[in-house]
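Here the structure is laid out as structure tokens; the discussion comes afterwards.
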Amino acid sequence: MLRVRGLAKSWPGGAPLFEAVDLDLAPGELVAILGESGAGKSTLLNIIAGLDRADAGTVTVSDTVSGTEVTALSEDGLALWRRKRVGFVFQAFHLLPYLTVEENVALPLLLNGVAAGERSARARAALEAVGMAMHAARKPASLSGGEMQRVAVARAVAHKPSLVLADEPTGNLDEANAAATMQALRAAVKREGAAGLLVTHSAVAAASADRVMRLAGRRLGPA
Amino acid sequence: MNAALVATLLRGSLSGNRWRSLLAIACIALGVALAGAVHTLHASALDEIDRAARLLAGTADWQAKGPKNGFDDAAFAPVALHPAVAVASPAVELEAPIAGRNDAVRVMGIDPFRAARLQPGFLAEGSAQRNDEGSTTLMDLHAAWLTPAALAKLKVAVGDSFELGGPKGSVPLKVAGTLPALDGGGPLVVMDIAAVQYLFDRVGVIHRIDLRLKNDAAREAALREIAALLPPGVALVRPDEAAMRTAGLTRAYRVNLTALALMALFTGGFLVFSTLALQAARRRQEFALLRALGLTAGGVRAFLAIEGSLLGLGGAILGTFLGLAASRAMLERFGYDLGAGFFSGSGSTFSPDPTALAIIGLLGILTAGAAALAVTRPLARLDVAQALKDRHLDLPAPPGGWSWPAALAVAAIVGAFLPPAGEIPVGGYLSIVLALAAAVMAVSPVSRMLLDRVPASDAPLRTLARAQVKSLPGHLSAMVSGIVVSVALTAAMAIMVFSFRVSLDGWLSGVLEADLFARAAPQGDAVVFSPEAQAKIAAVPGVRRIDPIRFERLTPEGHAGLLTIIARPVTPTLLRGFQADSLEVPPRGQAITAWVSEAAVDLFGWKAGQEVTLAVSGKRATFRIAGVFRDYSRTWGALLVDLADYRAIAGDTLANDIAIHLAPGADAKTVEAAAGRIVAQVPGAELHDASFIHARALAIFDRTFAATYALEAAAILIALAGVTSSFAALAWSRRREFGVLRHLGLTRGEVTRLLSLEGGAAGIIGAVLGLASGAAVSVVLVHVVNRQSFHWGMAIHWPWLALAALSGSVILLCALGASAAGRAAVAKEAVQAVKDDA
């Protein structure tokens, strides 16, 4: 589960961006954070991912075995933690153009030292789950935006992370593809038992979540 | 495409790629500067030689020239008295050692009254008398008139005394005056001809007769009649032929050095290609947008061609100025010959050749323009709609098949068998260029073959690096091509130089078979060992025997090239030392047995079993060629003959060198000291043991090739700069990808290592192909270029250690360069990198 306490972050000039942010996510729960542009949604997500530092507060991610206080880790420690425990879905998909669809999905498994046979089987399974198995051998450039994002979802959960973070995952997609992506993301979170956190300015996308919160006026609260 | 649009696009392109553009300009400039400097040095040297020949010849329109040791001065009177001759002026020429210095100066003996009619510049003596209140007169035996360059070289002024070495001892001379009208003719000491003949033991000998024919003379007939009056071995030549002969003798050296400099320029061309290609790849979406907005494909091509030409122009201008400055500085510090010993002279003539410099500059621009054209061709086929959507980063890749490299390789083999043009191995150079082109065209298929053979791995960085390198064949080709060319050239030169050095080392060991060697005139040619001096050395206790060695240089009748006669006792041991193909010394018959060098075979077409007739000391003698020997001492022909035979023909008992063999058990140091005391009586003469001469010859060899080492280093540096620059640009373009990888859990260090692996892979492919093509080029260099230029045969010897060090350094530096580029690219925050739209 994810546990955020008293998180605060200021703009470089010193003005507060958000403060006293508390958030709890249970395994298998998908939470959406809504907010206007510039409200600090992505910054909050990046702090939780260990890609940005908070001015105050703690972020702890735990599963059945152990808990990790993210805010206390070194940069390399954070990288290793992300490698094992975090899955990402980006607005711009960010699939590596020189790898096939299956290789892209298998990338987190490769980074975690999973053997080739198992890597391929798990990547195939993840692609199967998002309905993209038939495109496993293709390069990303030959896919549509919606297809690329479903591959990105498969990549985000292929290594069974504790936490899946999605930053405007439907921002580059039309309605139909946005709905398909959200469905895939929700199903993946539920299937893998990961805590899922989604930041978006789309109320339609947020509607797929179990719980919706809003970041406004420097505070995070129920929508 | 209008000028405003070009200016706008150029501003964006050049400012956005400032460092890469500057690097490309610097690389072209380096190549242009090297070629320009080498050419300017040699043009200046040849200009001084040419000017000296013209100054000294004055209004003479023909010269009767004989062998280096001169000819009988009895030949002068009949020529001077020929009715068609207006003026005839005899001259004695020699190079005399300067007392107390390891240097020599040219001495010319003239008949002042005759010489002044051809060259008034010889008449400067009046001013000397005004400046000098002493008793110096024209008839003073020890009076000498010096050109300004000679005054500077000898560090003397009018009225000062100085000493030169002569065969009979030191020759004291006094500066009687200066010859300002001969300034520009180099350092020259002019004396009365009789004084030179007497003081330098050349009585009865002259070297040259300068002639001016009467205007109304029937020239063809007169020249035939005058030629008939001359003794065998003396021929009529034009005065400018001396300069032309020097130019001919040094042509191979000059062409080879210039070719190396141009190779550095063309290697720089690869960097321009990768710079422009990478820009084109990075700006693919921008070009697609411009196409969508109405710019034609031709407009895009024209823009890139203009950009490439501008880079070339910048490099050409900068390189020309750098080359001029460098040649001026090198001239002042090292003289004309970059340490190779081919050119002597004052080094005071600085004669840049504007036409040649313009051609070299134009080559720089053309190289850059050709690189731009190579980039622009695939852009004509740009799929605008696709390019607007995707972020494909690759460069246009060359064709990936084997047919082009195979065809070029076959053409390279054919080129190697073409005959030389003059003494320029055109076929050899063509073969090298084709071999390098084959290697460059083979980069794509070889890379694919090698990468396909890398087994799949569970190591994430290795897997990612392999996938990345395979996915960008265009980038890989552009980067690896530069490495291939520079490694090939460096490896080829290293193999050639090593083969030459090992061969020379072995040859020296054989040739220097005696224990001690005395040389009468290590500087110049004025001093020789008299028969008395030879006898004294032979009589030194502990000396088993001596081999006097006499050299004579002449031009065989019917040929333009020079031939040195080496007269010394010939034994099977000596022939083995000279690596002769026949070690048997046949019994004396009617014809005199002789062995000829490989150069004589190449230049005169002589072969074993053939009989050749030469004019030696004014007498015709027929030699039967028994075999061919190796002569690394000279690039012109040589003929080895037994000393007894030579003395019988020439009646010349002098010796230039003496090889001294010690008796068994004799103490070398004691004998060397005793013989040294006798040798010391001959001014300027030296005595050394074989190991000293061996080591000195190798040191001279190393100095000669120092310039080529510098050029090799420049070629490697250019290629590595290209790789680092390409990786830097590529890494910058891939920073979004690195951001994603860092989101997925790669540390900054791992991303940097990923780039190192990719750089190392490029380095390995470049080193493998470079070594393979370098080995092929070295075979052409050794067996074609070297043989046709210098006429030296040798076997290939592989410098394994140097080649391993070269490959290792290239791979390591590629990896380090890529790693440095990666560090800069991952310095940016991962969050920002994935959001960047660039």
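Labels used: A, B, ... for chains in the order of the structure tokens, numbers from 1 for residues in each chain, and numbers from 1 for ligands as shown.
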
message: Should the cut-off be 6 Å, what would the residue list for chain B against chain A look like, counting only C-alpha atoms, as an NGL selection string?
response: :B and (460 or 471 or 744-747)

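Shell of region 552-567 of chain B at 6 Å, with only C-alpha atoms counted and residues fewer than 6 places along the chain excluded, is Pro67, Lys68, Trp636, Gly637, Ala638, Leu639, Leu640, Val641, Asp642 and Leu643 of chain B.
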
query: Looking at only C-alpha atoms, which of B:Leu10, B:Leu771, B:Ala815, B:Met794 is the one that sits closest to Leu755 (chain B)?
result: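 That would be B:Ala815, the residue with the smallest distance to Leu755 (chain B).
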
field: Residues near region 211-214 of chain A, cut-off 7 Å, only C-alpha atoms, skip fewer than 5 positions along chain, as a list of chain:residue names
entry: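 Counting only C-alpha atoms, the residues come to A:Leu30, A:Val31, A:Ala32, A:Ile33, A:Leu34, A:Gly35, A:Ala206, A:Leu220, A:Gly221, A:Pro222, A:Ala223.
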
The selected residues should be written to file as an mmCIF file, in the first residue's frame (atoms: all heavy atoms).
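Now in again-v2.cif:
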```cif
data_model
loop_
_atom_site.group_PDB
_atom_site.id
_atom_site.type_symbol
_atom_site.label_atom_id
_atom_site.label_comp_id
_atom_site.auth_asym_id
_atom_site.auth_seq_id
_atom_site.Cartn_x
_atom_site.Cartn_y
_atom_site.Cartn_z
ATOM 1 N N LEU A 30 -7.451 1.872 -7.209
ATOM 2 C CA LEU A 30 -7.035 2.872 -8.189
ATOM 3 C C LEU A 30 -7.614 4.213 -7.773
ATOM 4 O O LEU A 30 -8.836 4.360 -7.657
ATOM 5 C CB LEU A 30 -7.530 2.495 -9.589
ATOM 6 C CG LEU A 30 -7.181 3.477 -10.710
ATOM 7 C CD1 LEU A 30 -5.662 3.578 -10.919
ATOM 8 C CD2 LEU A 30 -7.847 3.065 -12.026
ATOM 9 N N VAL A 31 -6.717 5.169 -7.504
ATOM 10 C CA VAL A 31 -7.149 6.503 -7.069
ATOM 11 C C VAL A 31 -6.755 7.508 -8.136
ATOM 12 O O VAL A 31 -5.649 7.454 -8.671
ATOM 13 C CB VAL A 31 -6.492 6.874 -5.720
ATOM 14 C CG1 VAL A 31 -6.782 8.325 -5.344
ATOM 15 C CG2 VAL A 31 -6.982 5.942 -4.627
ATOM 16 N N ALA A 32 -7.689 8.424 -8.438
ATOM 17 C CA ALA A 32 -7.405 9.478 -9.413
ATOM 18 C C ALA A 32 -7.302 10.806 -8.686
ATOM 19 O O ALA A 32 -8.067 11.071 -7.763
ATOM 20 C CB ALA A 32 -8.506 9.542 -10.450
ATOM 21 N N ILE A 33 -6.322 11.613 -9.096
ATOM 22 C CA ILE A 33 -6.204 12.966 -8.562
ATOM 23 C C ILE A 33 -6.502 13.932 -9.706
ATOM 24 O O ILE A 33 -5.819 13.934 -10.731
ATOM 25 C CB ILE A 33 -4.808 13.240 -7.985
ATOM 26 C CG1 ILE A 33 -4.538 12.295 -6.815
ATOM 27 C CG2 ILE A 33 -4.657 14.689 -7.569
ATOM 28 C CD1 ILE A 33 -3.146 12.432 -6.197
ATOM 29 N N LEU A 34 -7.531 14.706 -9.517
ATOM 30 C CA LEU A 34 -7.919 15.706 -10.514
ATOM 31 C C LEU A 34 -7.301 17.053 -10.146
ATOM 32 O O LEU A 34 -6.995 17.304 -8.989
ATOM 33 C CB LEU A 34 -9.441 15.845 -10.544
ATOM 34 C CG LEU A 34 -10.245 14.884 -11.421
ATOM 35 C CD1 LEU A 34 -11.725 15.069 -11.118
ATOM 36 C CD2 LEU A 34 -9.963 15.150 -12.900
ATOM 37 N N GLY A 35 -7.152 17.885 -11.097
ATOM 38 C CA GLY A 35 -6.650 19.217 -10.768
ATOM 39 C C GLY A 35 -6.401 20.014 -12.030
ATOM 40 O O GLY A 35 -6.259 19.451 -13.124
ATOM 41 N N ALA A 206 -10.933 10.076 -14.804
ATOM 42 C CA ALA A 206 -10.968 9.897 -13.354
ATOM 43 C C ALA A 206 -12.137 9.020 -12.925
ATOM 44 O O ALA A 206 -12.081 8.337 -11.898
ATOM 45 C CB ALA A 206 -11.037 11.267 -12.682
ATOM 46 N N LEU A 220 -4.849 18.684 -0.892
ATOM 47 C CA LEU A 220 -5.470 17.523 -1.528
ATOM 48 C C LEU A 220 -6.662 17.098 -0.683
ATOM 49 O O LEU A 220 -6.538 16.894 0.521
ATOM 50 C CB LEU A 220 -4.466 16.369 -1.614
ATOM 51 C CG LEU A 220 -4.952 15.089 -2.273
ATOM 52 C CD1 LEU A 220 -5.177 15.314 -3.771
ATOM 53 C CD2 LEU A 220 -3.948 13.946 -2.061
ATOM 54 N N GLY A 221 -7.817 16.987 -1.365
ATOM 55 C CA GLY A 221 -9.007 16.581 -0.632
ATOM 56 C C GLY A 221 -9.954 15.816 -1.526
ATOM 57 O O GLY A 221 -9.694 15.658 -2.730
ATOM 58 N N PRO A 222 -11.037 15.337 -0.984
ATOM 59 C CA PRO A 222 -12.012 14.595 -1.803
ATOM 60 C C PRO A 222 -12.568 15.490 -2.903
ATOM 61 O O PRO A 222 -12.727 16.688 -2.699
ATOM 62 C CB PRO A 222 -13.102 14.212 -0.802
ATOM 63 C CG PRO A 222 -12.511 14.407 0.549
ATOM 64 C CD PRO A 222 -11.448 15.452 0.428
ATOM 65 N N ALA A 223 -12.872 14.898 -4.057
ATOM 66 C CA ALA A 223 -13.384 15.681 -5.185
ATOM 67 C C ALA A 223 -14.839 16.083 -4.915
ATOM 68 O O ALA A 223 -15.571 15.347 -4.291
ATOM 69 C CB ALA A 223 -13.292 14.874 -6.454
#
```

task: Quote the spacing between CA of Ala221 (chain B) and CA of Ala60 (chain B) in Å to one decimal place.
output: 18.0 Å

task: Considering only C-alpha atoms, return as a PyMOL selection string whatever protein or nucleic-acid residues lie within 6 Å of region 311-318 of chain B, sequence-local ones (same chain, fewer than 3 positions apart) excluded.
output: chain B and resi 25+28-29+308+321+361+364-365+368

statement: CA of Thr40 (chain B) to CA of Pro354 (chain B) measures 9.4 Å

task: Do a neighbour search on Arg114 (chain B) at 10 Å with only C-alpha atoms, toss out local chain neighbours closer than 6 positions, and write the hits as number ranges by chain.
output: B: 87-90, 122, 210

message: If DSSP is run on the backbone, what residues of region 3-203 of chain A are strand (DSSP E or B)? A reply as an NGL selection string would be ideal.
response: :A and (3-10 or 16-25 or 30-34 or 56-62 or 67-69 or 86-89 or 163-167 or 195-200)

statement: From CA of Met441 (chain B) to CA of Leu363 (chain B) the spacing works out at 22.1 Å

Shell of 9 Å around Ala621 (chain B), only C-alpha atoms, local chain residues under 2 positions omitted, as a PDB file with N, CA, C and O atoms, in the first residue's frame:
```pdb
ATOM      1  N   ALA B 591      83.707  -9.139 -69.637  1.00  0.00           N
ATOM      2  CA  ALA B 591      82.910  -8.078 -69.026  1.00  0.00           C
ATOM      3  C   ALA B 591      83.139  -8.108 -67.522  1.00  0.00           C
ATOM      4  O   ALA B 591      83.441  -9.159 -66.946  1.00  0.00           O
ATOM      5  N   ILE B 592      83.023  -6.943 -66.920  1.00  0.00           N
ATOM      6  CA  ILE B 592      83.230  -6.850 -65.471  1.00  0.00           C
ATOM      7  C   ILE B 592      81.923  -7.226 -64.777  1.00  0.00           C
ATOM      8  O   ILE B 592      80.849  -6.763 -65.170  1.00  0.00           O
ATOM      9  N   VAL B 612      75.711  -3.963 -69.528  1.00  0.00           N
ATOM     10  CA  VAL B 612      75.462  -2.519 -69.677  1.00  0.00           C
ATOM     11  C   VAL B 612      76.807  -1.801 -69.789  1.00  0.00           C
ATOM     12  O   VAL B 612      77.802  -2.204 -69.185  1.00  0.00           O
ATOM     13  N   THR B 613      76.804  -0.749 -70.589  1.00  0.00           N
ATOM     14  CA  THR B 613      78.031   0.020 -70.779  1.00  0.00           C
ATOM     15  C   THR B 613      77.886   1.373 -70.101  1.00  0.00           C
ATOM     16  O   THR B 613      76.884   2.071 -70.298  1.00  0.00           O
ATOM     17  N   LEU B 614      78.866   1.720 -69.292  1.00  0.00           N
ATOM     18  CA  LEU B 614      78.841   2.986 -68.563  1.00  0.00           C
ATOM     19  C   LEU B 614      80.140   3.744 -68.816  1.00  0.00           C
ATOM     20  O   LEU B 614      81.188   3.123 -69.037  1.00  0.00           O
ATOM     21  N   ALA B 615      80.035   5.072 -68.761  1.00  0.00           N
ATOM     22  CA  ALA B 615      81.242   5.887 -68.880  1.00  0.00           C
ATOM     23  C   ALA B 615      81.763   6.163 -67.478  1.00  0.00           C
ATOM     24  O   ALA B 615      81.109   6.840 -66.689  1.00  0.00           O
ATOM     25  N   VAL B 616      82.905   5.592 -67.156  1.00  0.00           N
ATOM     26  CA  VAL B 616      83.492   5.760 -65.824  1.00  0.00           C
ATOM     27  C   VAL B 616      84.823   6.490 -65.984  1.00  0.00           C
ATOM     28  O   VAL B 616      85.712   6.004 -66.705  1.00  0.00           O
ATOM     29  N   LYS B 619      86.030   6.833 -69.414  1.00  0.00           N
ATOM     30  CA  LYS B 619      86.273   5.629 -70.226  1.00  0.00           C
ATOM     31  C   LYS B 619      85.012   4.772 -70.222  1.00  0.00           C
ATOM     32  O   LYS B 619      84.324   4.691 -69.198  1.00  0.00           O
ATOM     33  N   PHE B 623      79.714  -3.805 -68.141  1.00  0.00           N
ATOM     34  CA  PHE B 623      79.491  -4.578 -66.912  1.00  0.00           C
ATOM     35  C   PHE B 623      78.449  -5.662 -67.209  1.00  0.00           C
ATOM     36  O   PHE B 623      77.441  -5.393 -67.850  1.00  0.00           O
ATOM     37  N   ILE B 649      89.580   0.324 -64.146  1.00  0.00           N
ATOM     38  CA  ILE B 649      88.947   1.163 -65.178  1.00  0.00           C
ATOM     39  C   ILE B 649      89.287   2.636 -64.949  1.00  0.00           C
ATOM     40  O   ILE B 649      89.727   3.349 -65.855  1.00  0.00           O
TER      41      ILE B 649
END
```
